[in-house]
>>> print(open('upload.csv').read())   # CSV, C-alpha atoms and all ligand atoms
chain,number,residue,atom,x,y,z
Z,289,MET,CA,-73.6,76.5,-14.0
Z,290,SER,CA,-73.2,75.7,-10.3
Z,291,GLU,CA,-70.5,77.1,-8.2
Z,292,THR,CA,-67.6,74.6,-8.1
Z,293,THR,CA,-64.2,75.1,-6.4
Z,294,ASN,CA,-61.1,73.0,-6.5
Z,295,LYS,CA,-61.0,72.8,-2.7
Z,296,GLY,CA,-60.7,69.2,-1.6
Z,297,PHE,CA,-59.0,68.0,-4.7
Z,298,THR,CA,-55.4,66.7,-4.5
Z,299,PRO,CA,-53.1,69.2,-6.4
Z,300,ARG,CA,-52.3,67.2,-9.5
Z,301,ILE,CA,-50.7,68.2,-12.8
Z,302,PHE,CA,-51.5,66.4,-16.0
Z,303,SER,CA,-50.4,67.0,-19.6
Z,304,GLY,CA,-49.8,65.2,-22.8
Z,305,ILE,CA,-48.2,65.3,-26.2
Z,306,GLN,CA,-49.3,63.5,-29.4
Z,307,PRO,CA,-46.8,61.2,-31.1
Z,308,SER,CA,-48.0,62.5,-34.5
Z,309,GLY,CA,-44.5,63.3,-35.7
Z,310,GLY,CA,-41.1,64.0,-34.3
Z,311,LEU,CA,-41.2,66.5,-31.4
Z,312,THR,CA,-40.2,70.1,-32.1
Z,313,LEU,CA,-38.6,73.0,-30.4
Z,314,GLY,CA,-42.3,74.3,-30.0
Z,315,ASN,CA,-43.2,71.2,-28.0
Z,316,TYR,CA,-40.0,71.5,-26.0
Z,317,LEU,CA,-40.4,75.2,-25.0
Z,318,GLY,CA,-44.2,75.2,-24.8
Z,319,ALA,CA,-44.5,71.9,-23.0
Z,320,LEU,CA,-41.6,69.5,-22.2
Z,321,LYS,CA,-39.2,72.0,-20.5
Z,322,ARG,CA,-42.1,73.1,-18.3
Z,323,PHE,CA,-43.2,69.6,-17.5
Z,324,ALA,CA,-39.7,68.9,-16.1
Z,325,ALA,CA,-39.6,72.1,-14.2
Z,326,LEU,CA,-43.0,71.4,-12.5
Z,327,GLN,CA,-41.7,68.1,-11.0
Z,328,GLY,CA,-41.0,68.0,-7.3
Z,329,ASP,CA,-43.3,71.0,-6.5
Z,330,GLN,CA,-46.3,70.4,-4.3
Z,331,ALA,CA,-48.3,68.7,-7.0
Z,332,GLU,CA,-48.2,65.1,-8.4
Z,333,THR,CA,-47.1,65.2,-12.0
Z,334,ILE,CA,-48.7,62.8,-14.6
Z,335,TYR,CA,-47.4,63.0,-18.2
Z,336,CYS,CA,-48.9,61.1,-21.1
Z,337,ILE,CA,-48.0,60.3,-24.7
Z,338,VAL,CA,-51.5,60.7,-26.2
Z,339,ASP,CA,-51.5,58.1,-28.9
Z,340,LEU,CA,-55.3,57.9,-29.1
Z,341,HIS,CA,-55.3,61.5,-30.1
Z,342,ALA,CA,-52.6,61.0,-32.8
Z,343,ILE,CA,-54.8,58.4,-34.6
Z,344,THR,CA,-57.6,61.0,-35.2
Z,345,VAL,CA,-55.6,61.6,-38.4
Z,346,TRP,CA,-54.0,58.8,-40.3
Z,347,GLN,CA,-50.9,57.2,-38.8
Z,348,GLU,CA,-48.8,54.4,-40.3
Z,349,PRO,CA,-49.0,51.6,-37.7
Z,350,ALA,CA,-45.3,50.7,-37.9
Z,351,ILE,CA,-44.2,54.3,-37.7
Z,352,LEU,CA,-46.6,55.2,-34.9
Z,353,LYS,CA,-45.0,52.6,-32.5
Z,354,ALA,CA,-41.6,54.1,-33.1
Z,355,ARG,CA,-42.9,57.6,-32.6
Z,356,ILE,CA,-44.5,56.6,-29.3
Z,357,ARG,CA,-41.1,55.4,-28.1
Z,358,GLU,CA,-39.3,58.4,-29.5
Z,359,ALA,CA,-41.7,60.7,-27.7
Z,360,ALA,CA,-41.0,58.8,-24.4
Z,361,ALA,CA,-37.3,59.3,-25.1
Z,362,ALA,CA,-37.9,63.1,-25.7
Z,363,PHE,CA,-39.8,63.4,-22.4
Z,364,MET,CA,-37.0,61.7,-20.4
Z,365,ALA,CA,-34.2,63.5,-22.3
Z,366,SER,CA,-35.9,66.8,-21.5
Z,367,GLY,CA,-35.8,66.0,-17.8
Z,368,VAL,CA,-39.1,64.2,-17.0
Z,369,ASP,CA,-38.1,61.6,-14.5
Z,370,PRO,CA,-40.3,58.4,-14.5
Z,371,ALA,CA,-39.4,58.0,-10.8
Z,372,GLN,CA,-40.8,61.4,-9.9
Z,373,SER,CA,-43.6,61.6,-12.4
Z,374,ILE,CA,-46.0,59.0,-13.9
Z,375,LEU,CA,-45.0,58.7,-17.6
Z,376,PHE,CA,-47.1,56.5,-19.9
Z,377,ASN,CA,-48.9,56.2,-23.2
Z,378,GLN,CA,-52.6,56.8,-23.2
Z,379,SER,CA,-53.8,53.6,-25.0
Z,380,GLN,CA,-52.5,51.4,-22.2
Z,381,VAL,CA,-54.9,53.0,-19.7
Z,382,SER,CA,-58.5,52.2,-20.8
Z,383,ALA,CA,-60.0,54.7,-18.4
Z,384,HIS,CA,-59.2,57.5,-20.9
Z,385,ALA,CA,-61.4,56.0,-23.7
Z,386,GLU,CA,-64.2,54.9,-21.3
Z,387,LEU,CA,-64.4,58.3,-19.7
Z,388,ALA,CA,-64.3,60.0,-23.1
Z,389,TRP,CA,-67.4,58.1,-24.0
Z,390,LEU,CA,-69.2,59.3,-20.9
Z,391,PHE,CA,-68.1,62.8,-21.7
Z,392,ASN,CA,-69.5,62.4,-25.3
Z,393,THR,CA,-72.9,62.3,-23.6
Z,394,VAL,CA,-72.2,65.5,-21.6
Z,395,ALA,CA,-70.5,67.7,-24.2
Z,396,ARG,CA,-72.7,69.3,-26.9
Z,397,VAL,CA,-72.1,68.9,-30.7
Z,398,GLY,CA,-72.1,72.7,-31.1
Z,399,TRP,CA,-69.1,73.0,-28.7
Z,400,MET,CA,-67.1,70.6,-30.9
Z,401,TYR,CA,-67.9,72.4,-34.1
Z,402,ARG,CA,-66.6,75.7,-32.6
Z,403,MET,CA,-63.1,74.3,-32.0
Z,404,THR,CA,-60.5,76.1,-34.2
Z,405,GLN,CA,-58.2,73.0,-34.2
Z,406,PHE,CA,-61.0,70.9,-35.7
Z,407,LYS,CA,-61.6,73.6,-38.4
Z,408,ASP,CA,-57.9,73.8,-39.2
Z,409,LYS,CA,-57.2,70.1,-39.3
Z,410,ALA,CA,-60.5,69.1,-41.0
Z,411,GLY,CA,-60.0,71.8,-43.6
Z,412,LYS,CA,-62.6,72.3,-46.3
Z,413,ASN,CA,-63.6,68.7,-46.5
Z,414,SER,CA,-64.8,68.4,-42.9
Z,415,GLU,CA,-67.5,65.8,-43.8
Z,416,ASN,CA,-64.7,63.4,-44.5
Z,417,ALA,CA,-62.7,64.0,-41.3
Z,418,SER,CA,-62.8,61.2,-38.7
Z,419,LEU,CA,-65.4,61.4,-36.0
Z,420,GLY,CA,-62.5,61.1,-33.6
Z,421,LEU,CA,-61.1,64.4,-34.8
Z,422,LEU,CA,-64.4,66.1,-34.0
Z,423,ALA,CA,-64.7,64.4,-30.6
Z,424,TYR,CA,-61.0,65.0,-29.8
Z,425,PRO,CA,-61.7,67.6,-27.0
Z,426,ALA,CA,-64.0,65.2,-25.1
Z,427,LEU,CA,-61.1,62.7,-25.0
Z,428,MET,CA,-58.7,65.5,-23.9
Z,429,ALA,CA,-61.2,66.3,-21.1
Z,430,ALA,CA,-61.2,62.6,-20.1
Z,431,ASP,CA,-57.3,62.6,-20.1
Z,432,ILE,CA,-57.3,65.4,-17.6
Z,433,LEU,CA,-60.3,64.6,-15.5
Z,434,ALA,CA,-59.6,60.9,-15.2
Z,435,TYR,CA,-57.0,62.1,-12.7
Z,436,GLN,CA,-59.1,65.0,-11.4
Z,437,ALA,CA,-56.1,67.1,-12.4
Z,438,THR,CA,-56.2,70.6,-11.0
Z,439,ALA,CA,-53.7,72.2,-13.4
Z,440,VAL,CA,-52.5,71.5,-17.0
Z,441,PRO,CA,-49.3,73.1,-18.5
Z,442,VAL,CA,-49.9,73.7,-22.2
Z,443,GLY,CA,-49.0,76.0,-25.0
Z,444,GLU,CA,-51.3,78.8,-26.2
Z,445,ASP,CA,-52.8,76.6,-29.0
Z,446,GLN,CA,-54.5,74.3,-26.4
Z,447,LYS,CA,-56.3,77.1,-24.5
Z,448,GLN,CA,-59.6,76.6,-26.3
Z,449,HIS,CA,-59.6,72.8,-25.6
Z,450,LEU,CA,-58.8,73.5,-21.9
Z,451,GLU,CA,-61.8,75.8,-21.7
Z,452,LEU,CA,-64.0,73.0,-23.1
Z,453,THR,CA,-62.6,70.6,-20.5
Z,454,ARG,CA,-63.7,73.2,-17.8
Z,455,ASP,CA,-67.2,73.4,-19.5
Z,456,ILE,CA,-67.5,69.6,-19.4
Z,457,ALA,CA,-66.5,69.4,-15.8
Z,458,ALA,CA,-68.9,72.2,-14.8
Z,459,LYS,CA,-71.8,70.7,-16.8
Z,460,PHE,CA,-71.2,67.2,-15.3
Z,461,ASN,CA,-71.0,68.6,-11.8
Z,462,HIS,CA,-74.2,70.7,-12.4
Z,463,ASP,CA,-76.2,68.0,-14.1
Z,464,TYR,CA,-75.5,65.4,-11.5
Z,465,GLY,CA,-75.5,67.8,-8.5
Z,466,VAL,CA,-71.9,66.8,-7.4
Z,467,ASN,CA,-68.5,68.3,-7.0
Z,468,HIS,CA,-66.7,65.4,-8.6
Z,469,PHE,CA,-64.5,67.1,-11.2
Z,470,PRO,CA,-62.2,70.1,-10.5
Z,471,ILE,CA,-62.4,73.1,-12.8
Z,472,THR,CA,-58.8,72.7,-14.1
Z,473,GLU,CA,-56.5,75.7,-14.4
Z,474,PRO,CA,-54.5,76.1,-17.6
Z,475,LEU,CA,-50.8,76.9,-16.9
Z,476,ILE,CA,-49.8,78.9,-20.0
Z,477,GLU,CA,-46.6,80.7,-18.9
Z,478,GLY,CA,-43.4,82.1,-20.2
Z,479,VAL,CA,-42.3,83.7,-23.5
Z,480,ALA,CA,-42.5,80.6,-25.6
Z,481,THR,CA,-46.2,79.6,-25.3
Z,482,ARG,CA,-46.5,79.9,-29.0
Z,483,VAL,CA,-43.3,79.2,-31.0
Z,484,MET,CA,-44.0,80.2,-34.6
Z,485,SER,CA,-42.9,78.5,-37.9
Z,486,LEU,CA,-39.5,79.5,-39.1
Z,487,ARG,CA,-40.9,80.0,-42.6
Z,488,ASP,CA,-44.1,81.9,-41.7
Z,489,GLY,CA,-44.4,84.1,-38.6
Z,490,SER,CA,-48.2,83.8,-38.7
Z,491,LYS,CA,-48.2,80.0,-38.3
Z,492,LYS,CA,-47.5,77.9,-35.3
Z,493,MET,CA,-44.4,75.7,-35.4
Z,494,SER,CA,-45.9,72.2,-35.8
Z,495,LYS,CA,-44.6,68.7,-36.0
Z,496,SER,CA,-47.0,67.8,-38.8
Z,497,ASP,CA,-46.2,70.9,-41.0
Z,498,PRO,CA,-45.2,69.4,-44.5
Z,499,SER,CA,-42.1,71.7,-44.5
Z,500,ASP,CA,-39.3,70.3,-42.4
Z,501,ALA,CA,-37.6,73.8,-42.7
Z,502,SER,CA,-40.5,75.3,-40.8
Z,503,ARG,CA,-39.4,73.7,-37.5
Z,504,ILE,CA,-36.5,72.5,-35.4
Z,505,ASN,CA,-36.8,68.9,-34.5
Z,506,LEU,CA,-35.4,67.5,-31.2
Z,507,THR,CA,-33.5,65.0,-33.4
Z,508,ASP,CA,-31.8,67.6,-35.6
Z,509,ASP,CA,-28.0,67.8,-35.4
Z,510,ALA,CA,-26.1,71.0,-34.8
Z,511,ASP,CA,-25.5,71.7,-38.6
Z,512,THR,CA,-29.1,71.2,-39.4
Z,513,ILE,CA,-30.2,73.5,-36.6
Z,514,ALA,CA,-27.8,76.2,-37.7
Z,515,GLN,CA,-28.8,75.9,-41.3
Z,516,LYS,CA,-32.6,76.1,-40.5
Z,517,ILE,CA,-32.0,79.2,-38.4
Z,518,ARG,CA,-29.8,80.8,-41.1
Z,519,LYS,CA,-32.6,80.3,-43.6
Z,520,ALA,CA,-35.4,81.4,-41.2
Z,521,ARG,CA,-37.6,84.1,-42.7
Z,522,THR,CA,-36.9,87.6,-41.3
Z,523,ASP,CA,-37.1,91.2,-42.3
Z,524,ALA,CA,-34.3,93.6,-43.3
Z,525,ASP,CA,-34.4,95.9,-40.3
Z,526,PRO,CA,-32.0,95.9,-37.4
Z,527,LEU,CA,-33.3,94.7,-34.0
Z,528,PRO,CA,-34.9,97.4,-31.8
Z,529,GLY,CA,-34.0,98.1,-28.1
Z,530,SER,CA,-37.2,96.8,-26.6
Z,531,THR,CA,-40.1,94.5,-27.4
Z,532,ASP,CA,-42.4,97.5,-28.4
Z,533,GLY,CA,-40.4,97.7,-31.6
Z,534,LEU,CA,-41.3,94.1,-32.5
Z,535,LYS,CA,-45.0,94.6,-32.6
Z,536,ASP,CA,-45.4,94.4,-36.4
Z,537,ARG,CA,-42.5,92.1,-36.9
Z,538,PRO,CA,-43.8,88.5,-36.2
Z,539,GLU,CA,-40.7,86.7,-37.6
Z,540,ALA,CA,-38.2,88.8,-35.7
Z,541,ARG,CA,-40.3,88.6,-32.5
Z,542,ASN,CA,-40.4,84.8,-32.8
Z,543,LEU,CA,-36.6,84.5,-33.1
Z,544,VAL,CA,-36.1,86.8,-30.1
Z,545,ASN,CA,-38.6,84.9,-28.0
Z,546,ILE,CA,-36.9,81.6,-28.9
Z,547,TYR,CA,-33.5,83.1,-27.9
Z,548,ALA,CA,-35.0,84.4,-24.6
Z,549,ALA,CA,-36.7,81.0,-23.8
Z,550,LEU,CA,-33.6,79.0,-24.6
Z,551,SER,CA,-31.3,81.2,-22.5
Z,552,ASP,CA,-33.8,81.8,-19.6
Z,553,GLN,CA,-33.8,85.6,-20.2
Z,554,THR,CA,-36.6,88.0,-21.0
Z,555,PRO,CA,-37.0,89.3,-24.6
Z,556,ASP,CA,-36.1,92.8,-23.4
Z,557,GLN,CA,-32.8,91.4,-21.9
Z,558,VAL,CA,-32.0,89.8,-25.3
Z,559,LEU,CA,-32.8,93.0,-27.2
Z,560,ALA,CA,-30.7,95.1,-24.8
Z,561,ARG,CA,-27.7,93.0,-26.0
Z,562,PHE,CA,-28.6,92.9,-29.7
Z,563,GLU,CA,-30.1,96.4,-30.2
Z,564,GLY,CA,-29.1,97.9,-33.6
Z,565,GLN,CA,-27.7,94.6,-34.9
Z,566,GLY,CA,-29.1,92.9,-38.0
Z,567,PHE,CA,-30.0,89.2,-38.4
Z,568,GLY,CA,-26.5,88.5,-39.9
Z,569,ALA,CA,-25.2,88.8,-36.3
Z,570,PHE,CA,-28.3,87.6,-34.4
Z,571,LYS,CA,-28.9,84.3,-36.3
Z,572,PRO,CA,-25.5,82.8,-35.6
Z,573,ALA,CA,-25.8,83.8,-31.9
Z,574,LEU,CA,-29.3,82.2,-31.8
Z,575,ALA,CA,-28.0,79.0,-33.5
Z,576,GLU,CA,-25.2,78.8,-30.9
Z,577,VAL,CA,-27.8,79.1,-28.0
Z,578,ALA,CA,-30.1,76.6,-29.7
Z,579,VAL,CA,-27.4,74.0,-30.3
Z,580,GLU,CA,-26.1,74.4,-26.7
Z,581,ALA,CA,-29.5,73.8,-25.3
Z,582,LEU,CA,-30.7,71.1,-27.6
Z,583,SER,CA,-27.7,68.9,-28.3
Z,584,PRO,CA,-27.5,67.3,-24.8
Z,585,ILE,CA,-31.2,66.5,-25.3
Z,586,THR,CA,-30.7,65.0,-28.7
Z,587,LYS,CA,-27.8,62.9,-27.3
Z,588,ARG,CA,-29.8,61.6,-24.4
Z,589,MET,CA,-32.7,60.9,-26.7
Z,590,SER,CA,-30.6,58.7,-28.9
Z,591,GLU,CA,-29.2,56.9,-25.8
Z,592,TYR,CA,-32.8,56.1,-24.6
Z,593,MET,CA,-33.8,55.1,-28.2
Z,594,ASN,CA,-30.9,52.5,-28.2
Z,595,ASP,CA,-32.9,50.5,-25.6
Z,596,PRO,CA,-36.5,50.3,-26.8
Z,597,ALA,CA,-37.2,47.4,-24.3
Z,598,GLU,CA,-36.4,49.7,-21.4
Z,599,ILE,CA,-38.7,52.4,-22.8
Z,600,ASP,CA,-41.5,49.8,-23.1
Z,601,ARG,CA,-40.9,48.8,-19.5
Z,602,ILE,CA,-41.0,52.4,-18.3
Z,603,LEU,CA,-44.3,53.0,-20.2
Z,604,GLY,CA,-45.8,49.8,-18.9
Z,605,ASP,CA,-44.9,50.6,-15.3
Z,606,GLY,CA,-46.3,54.2,-15.8
Z,607,SER,CA,-49.5,52.8,-17.2
Z,608,MET,CA,-50.1,50.6,-14.2
Z,609,ARG,CA,-49.5,53.5,-11.8
Z,610,ALA,CA,-51.8,55.8,-13.9
Z,611,ALA,CA,-54.5,53.2,-14.0
Z,612,ALA,CA,-54.4,52.9,-10.2
Z,613,VAL,CA,-55.3,56.6,-10.0
Z,614,ALA,CA,-57.8,56.8,-12.8
Z,615,THR,CA,-59.8,53.6,-12.3
Z,616,PRO,CA,-61.4,54.5,-9.0
Z,617,ILE,CA,-62.3,58.0,-10.4
Z,618,LEU,CA,-63.9,56.3,-13.4
Z,619,GLU,CA,-65.8,54.0,-11.2
Z,620,GLN,CA,-67.1,56.8,-9.1
Z,621,THR,CA,-68.2,58.6,-12.3
Z,622,LYS,CA,-70.2,55.5,-13.4
Z,623,ASP,CA,-71.8,55.4,-10.0
Z,624,ILE,CA,-72.8,59.0,-10.1
Z,625,MET,CA,-74.3,58.5,-13.6
Z,626,GLY,CA,-76.4,55.5,-12.4
Z,627,LEU,CA,-74.5,52.8,-14.4
Z,628,LEU,CA,-74.7,49.4,-12.7
Z,629,ARG,CA,-71.4,47.9,-11.5
Z,630,SER,CA,-71.6,44.4,-10.0
Z,631,ARG,CA,-68.0,43.1,-10.1
Y,1,LIG,N1,-45.4,75.9,-31.6
Y,1,LIG,C1,-45.6,75.6,-30.3
Y,1,LIG,N2,-45.3,76.5,-29.3
Y,1,LIG,C2,-45.5,76.3,-28.0
Y,1,LIG,N3,-46.1,75.2,-27.6
Y,1,LIG,C3,-46.5,74.2,-28.5
Y,1,LIG,N4,-47.1,73.0,-28.4
Y,1,LIG,C4,-47.2,72.5,-29.6
Y,1,LIG,N5,-46.7,73.3,-30.6
Y,1,LIG,C5,-46.3,74.4,-29.9
Y,1,LIG,C6,-47.5,72.5,-27.1
Y,1,LIG,O1,-47.0,71.1,-27.1
Y,1,LIG,C7,-47.9,70.3,-26.4
Y,1,LIG,C8,-48.3,69.1,-27.2
Y,1,LIG,O2,-49.0,69.4,-28.3
Y,1,LIG,P1,-49.7,68.2,-29.1
Y,1,LIG,O3,-48.7,67.3,-29.6
Y,1,LIG,O4,-50.8,67.6,-28.3
Y,1,LIG,O5,-50.4,68.9,-30.4
Y,1,LIG,P2,-50.3,70.2,-31.0
Y,1,LIG,O6,-50.5,71.3,-30.0
Y,1,LIG,O7,-51.3,70.2,-32.2
Y,1,LIG,O8,-48.8,70.2,-31.5
Y,1,LIG,P3,-48.3,70.1,-33.0
Y,1,LIG,O9,-46.8,70.0,-32.9
Y,1,LIG,O10,-48.8,71.2,-33.8
Y,1,LIG,O11,-48.8,68.7,-33.4
Y,1,LIG,P4,-49.6,68.4,-34.7
Y,1,LIG,O12,-48.8,68.9,-35.8
Y,1,LIG,O13,-49.8,66.9,-34.7
Y,1,LIG,O14,-51.0,69.1,-34.6
Y,1,LIG,C9,-49.2,71.2,-26.1
Y,1,LIG,O15,-49.1,71.7,-24.8
Y,1,LIG,C10,-49.0,72.3,-27.1
Y,1,LIG,O16,-49.6,73.5,-26.6
>>> encode(input="upload.csv", output="structure tokens")
Amino acid sequence: MSETTNKGFTPRIFSGIQPSGGLTLGNYLGALKRFAALQGDQAETIYCIVDLHAITVWQEPAILKARIREAAAAFMASGVDPAQSILFNQSQVSAHAELAWLFNTVARVGWMYRMTQFKDKAGKNSENASLGLLAYPALMAADILAYQATAVPVGEDQKQHLELTRDIAAKFNHDYGVNHFPITEPLIEGVATRVMSLRDGSKKMSKSDPSDASRINLTDDADTIAQKIRKARTDADPLPGSTDGLKDRPEARNLVNIYAALSDQTPDQVLARFEGQGFGAFKPALAEVAVEALSPITKRMSEYMNDPAEIDRILGDGSMRAAAVATPILEQTKDIMGLLRSR
């Protein structure tokens, strides 16, 4: 691969979330909270509800539309300001799908088959998975590179897809002898880059997990949050004084990390306070912190959801601003590839 640097590219942050279910505490801590925090830094921030990704597995049309609006409400309730950032849904900006096709000709089939998310989601019957589920990472590369984004804040689970985006950018630049796409940096930071299921410490908390008890939804009320935390799987031992003592205790480590992320502390600070105490004491304290952090978000979300026309207006406006950035980059890409443009 040729040497490529990000010198000369405008610092730009892009990230997205699928409206494939109600958003969870994992999406909040791994993504939304950080999206909001990154605004106003030196980089432009562009945030997207990736509805074209969501349809790689079946979505009921009537429910999908509501989920797109609900995701927009969650972004704004978490602090993403549509005046400071570009906020839109992917299917309203056709550059994403067009660039994804161009990248389908750059990416190799073998790269796609290696993706663990494809293996997990396609399961044993992968012949019957949609072609879109296999090609998903090429669309994700297009999402990012349509804006020549230099950095992408994501949770740990998206690391492999980000590496594939970098491979596509590098191969494109090398094959066509250009420095057209940046080699995007993943921003995987903090203690909550991989929030785990409340029912199984070896599984990621996920909006499409069949068990609602496995996750905290951003729409859950205070009683539901407290009840889910009370029933969360743990072990019988008291909490240790430092994170070294959590090594072989995935469920305990997960709850301590959630507490730390919600209260902006380090896990060691949390353990210094709870050392020697059991989950009978820790869980109610965690529930309190979770309700305190999430209930203002839930309240703001429902206020936004009361005005769907305003959400649609914001997404429409964001789409036009996003297209204004992406369209010239797409056109340059076509020129580089030798595709004729005569209008
Ligand atoms: N459990 C998690 N911990 C930390 N970060 C997480 N993210 C998702 N789950 C966790 C981050 O949220 C962003 C959006 O993810 P996505 O909606 O594109 O898809 P996903 O990663 O596949 O999330 P889900 O909730 O598991 O969705 P489904 O169930 O539809 O597959 C990403 O930055 C992700 O890292």
>>> axis_aligned_box(input="upload.csv", around="ligand LIG 1 (chain Y)", padding_each_side="3 Å", output="AutoDock Vina command-line options")
--center_x -48.3 --center_y 71.7 --center_z -30.3 --size_x 12.0 --size_y 15.6 --size_z 17.0
>>> residues_around(input="upload.csv", residues="Asn542 in chain Z", least_positions_apart="6", cutoff="10 Å", atoms="all atoms listed in the file", output="VMD selection string")
chain Z and resid 479 to 480 482 to 486 489 to 490 522 534 548 555
>>> residues_near_ligand(input="upload.csv", ligand="ligand LIG 1 (chain Y)", cutoff="9 Å", atoms="all atoms listed in the file", output="PDB file with C-alpha atoms, in the coordinates of the input")
ATOM      1  CA  SER Z 303     -50.400  67.000 -19.600  1.00  0.00           C
ATOM      2  CA  GLY Z 304     -49.800  65.200 -22.800  1.00  0.00           C
ATOM      3  CA  ILE Z 305     -48.200  65.300 -26.200  1.00  0.00           C
ATOM      4  CA  GLN Z 306     -49.300  63.500 -29.400  1.00  0.00           C
ATOM      5  CA  PRO Z 307     -46.800  61.200 -31.100  1.00  0.00           C
ATOM      6  CA  SER Z 308     -48.000  62.500 -34.500  1.00  0.00           C
ATOM      7  CA  GLY Z 309     -44.500  63.300 -35.700  1.00  0.00           C
ATOM      8  CA  GLY Z 310     -41.100  64.000 -34.300  1.00  0.00           C
ATOM      9  CA  LEU Z 311     -41.200  66.500 -31.400  1.00  0.00           C
ATOM     10  CA  THR Z 312     -40.200  70.100 -32.100  1.00  0.00           C
ATOM     11  CA  LEU Z 313     -38.600  73.000 -30.400  1.00  0.00           C
ATOM     12  CA  GLY Z 314     -42.300  74.300 -30.000  1.00  0.00           C
ATOM     13  CA  ASN Z 315     -43.200  71.200 -28.000  1.00  0.00           C
ATOM     14  CA  TYR Z 316     -40.000  71.500 -26.000  1.00  0.00           C
ATOM     15  CA  LEU Z 317     -40.400  75.200 -25.000  1.00  0.00           C
ATOM     16  CA  GLY Z 318     -44.200  75.200 -24.800  1.00  0.00           C
ATOM     17  CA  ALA Z 319     -44.500  71.900 -23.000  1.00  0.00           C
ATOM     18  CA  LEU Z 320     -41.600  69.500 -22.200  1.00  0.00           C
ATOM     19  CA  ILE Z 337     -48.000  60.300 -24.700  1.00  0.00           C
ATOM     20  CA  VAL Z 338     -51.500  60.700 -26.200  1.00  0.00           C
ATOM     21  CA  HIS Z 341     -55.300  61.500 -30.100  1.00  0.00           C
ATOM     22  CA  ALA Z 342     -52.600  61.000 -32.800  1.00  0.00           C
ATOM     23  CA  VAL Z 345     -55.600  61.600 -38.400  1.00  0.00           C
ATOM     24  CA  GLN Z 405     -58.200  73.000 -34.200  1.00  0.00           C
ATOM     25  CA  LYS Z 409     -57.200  70.100 -39.300  1.00  0.00           C
ATOM     26  CA  VAL Z 440     -52.500  71.500 -17.000  1.00  0.00           C
ATOM     27  CA  PRO Z 441     -49.300  73.100 -18.500  1.00  0.00           C
ATOM     28  CA  VAL Z 442     -49.900  73.700 -22.200  1.00  0.00           C
ATOM     29  CA  GLY Z 443     -49.000  76.000 -25.000  1.00  0.00           C
ATOM     30  CA  GLU Z 444     -51.300  78.800 -26.200  1.00  0.00           C
ATOM     31  CA  ASP Z 445     -52.800  76.600 -29.000  1.00  0.00           C
ATOM     32  CA  GLN Z 446     -54.500  74.300 -26.400  1.00  0.00           C
ATOM     33  CA  LYS Z 447     -56.300  77.100 -24.500  1.00  0.00           C
ATOM     34  CA  ILE Z 476     -49.800  78.900 -20.000  1.00  0.00           C
ATOM     35  CA  ALA Z 480     -42.500  80.600 -25.600  1.00  0.00           C
ATOM     36  CA  THR Z 481     -46.200  79.600 -25.300  1.00  0.00           C
ATOM     37  CA  ARG Z 482     -46.500  79.900 -29.000  1.00  0.00           C
ATOM     38  CA  VAL Z 483     -43.300  79.200 -31.000  1.00  0.00           C
ATOM     39  CA  MET Z 484     -44.000  80.200 -34.600  1.00  0.00           C
ATOM     40  CA  SER Z 485     -42.900  78.500 -37.900  1.00  0.00           C
ATOM     41  CA  LYS Z 491     -48.200  80.000 -38.300  1.00  0.00           C
ATOM     42  CA  LYS Z 492     -47.500  77.900 -35.300  1.00  0.00           C
ATOM     43  CA  MET Z 493     -44.400  75.700 -35.400  1.00  0.00           C
ATOM     44  CA  SER Z 494     -45.900  72.200 -35.800  1.00  0.00           C
ATOM     45  CA  LYS Z 495     -44.600  68.700 -36.000  1.00  0.00           C
ATOM     46  CA  SER Z 496     -47.000  67.800 -38.800  1.00  0.00           C
ATOM     47  CA  ASP Z 497     -46.200  70.900 -41.000  1.00  0.00           C
ATOM     48  CA  ARG Z 503     -39.400  73.700 -37.500  1.00  0.00           C
TER      49      ARG Z 503
END
>>> atom_distance(input="upload.csv", atom1="CA of Asp508 in chain Z", atom2="CA of Thr586 in chain Z")
7.5 Å
>>> closest_residue(input="upload.csv", among="Z:Ala354, Z:Ser418, Z:Ala430, Z:Gly478", to="Gln553 in chain Z", atoms="all atoms listed in the file")
Z:Gly478
>>> closest_residue(input="upload.csv", among="Z:Met625, Z:Ile617, Z:Met400, Z:Ile374", to="Tyr424 in chain Z", atoms="only C-alpha atoms")
Z:Met400
>>> atom_distance(input="upload.csv", atom1="CA of Ala360 in chain Z", atom2="CA of Lys407 in chain Z")
29.0 Å
>>> residues_near_point(input="upload.csv", point="(-38.6, 63.1, -18.0)", cutoff="10 Å", atoms="all atoms listed in the file", output="ChimeraX atom specification")
/Z:320-321,323-325,327,335,360-375
>>> atom_distance(input="upload.csv", atom1="CA of Tyr401 in chain Z", atom2="CA of Ala429 in chain Z")
15.8 Å
>>> closest_residue(input="upload.csv", among="Z:Lys412, Z:Lys295, Z:Lys571, Z:His468", to="Ile624 in chain Z", atoms="only C-alpha atoms")
Z:His468
>>> closest_residue(input="upload.csv", among="Z:Asn294, Z:Ser551, Z:Thr438, Z:Asn392", to="Leu582 in chain Z", atoms="only C-alpha atoms")
Z:Ser551
>>> residues_around(input="upload.csv", residues="Ala614 in chain Z", least_positions_apart="5", cutoff="12 Å", atoms="only C-alpha atoms", output="list in words")
Phe302, Ile334, Gln378, Val381, Ser382, Ala383, His384, Ala385, Glu386, Leu387, Ala430, Asp431, Ile432, Leu433, Ala434, Tyr435, Gln436, Ala437, Ser607, Met608, Arg609, Glu619, Gln620 and Thr621 of chain Z
>>> closest_residue(input="upload.csv", among="Z:Ala410, Z:Ala520, Z:Leu421, Z:Ala395", to="Asp463 in chain Z", atoms="only C-alpha atoms")
Z:Ala395
>>> closest_residue(input="upload.csv", among="Z:Ala388, Z:Leu450, Z:Ala560, Z:Ala510", to="Ala426 in chain Z", atoms="all atoms listed in the file")
Z:Ala388
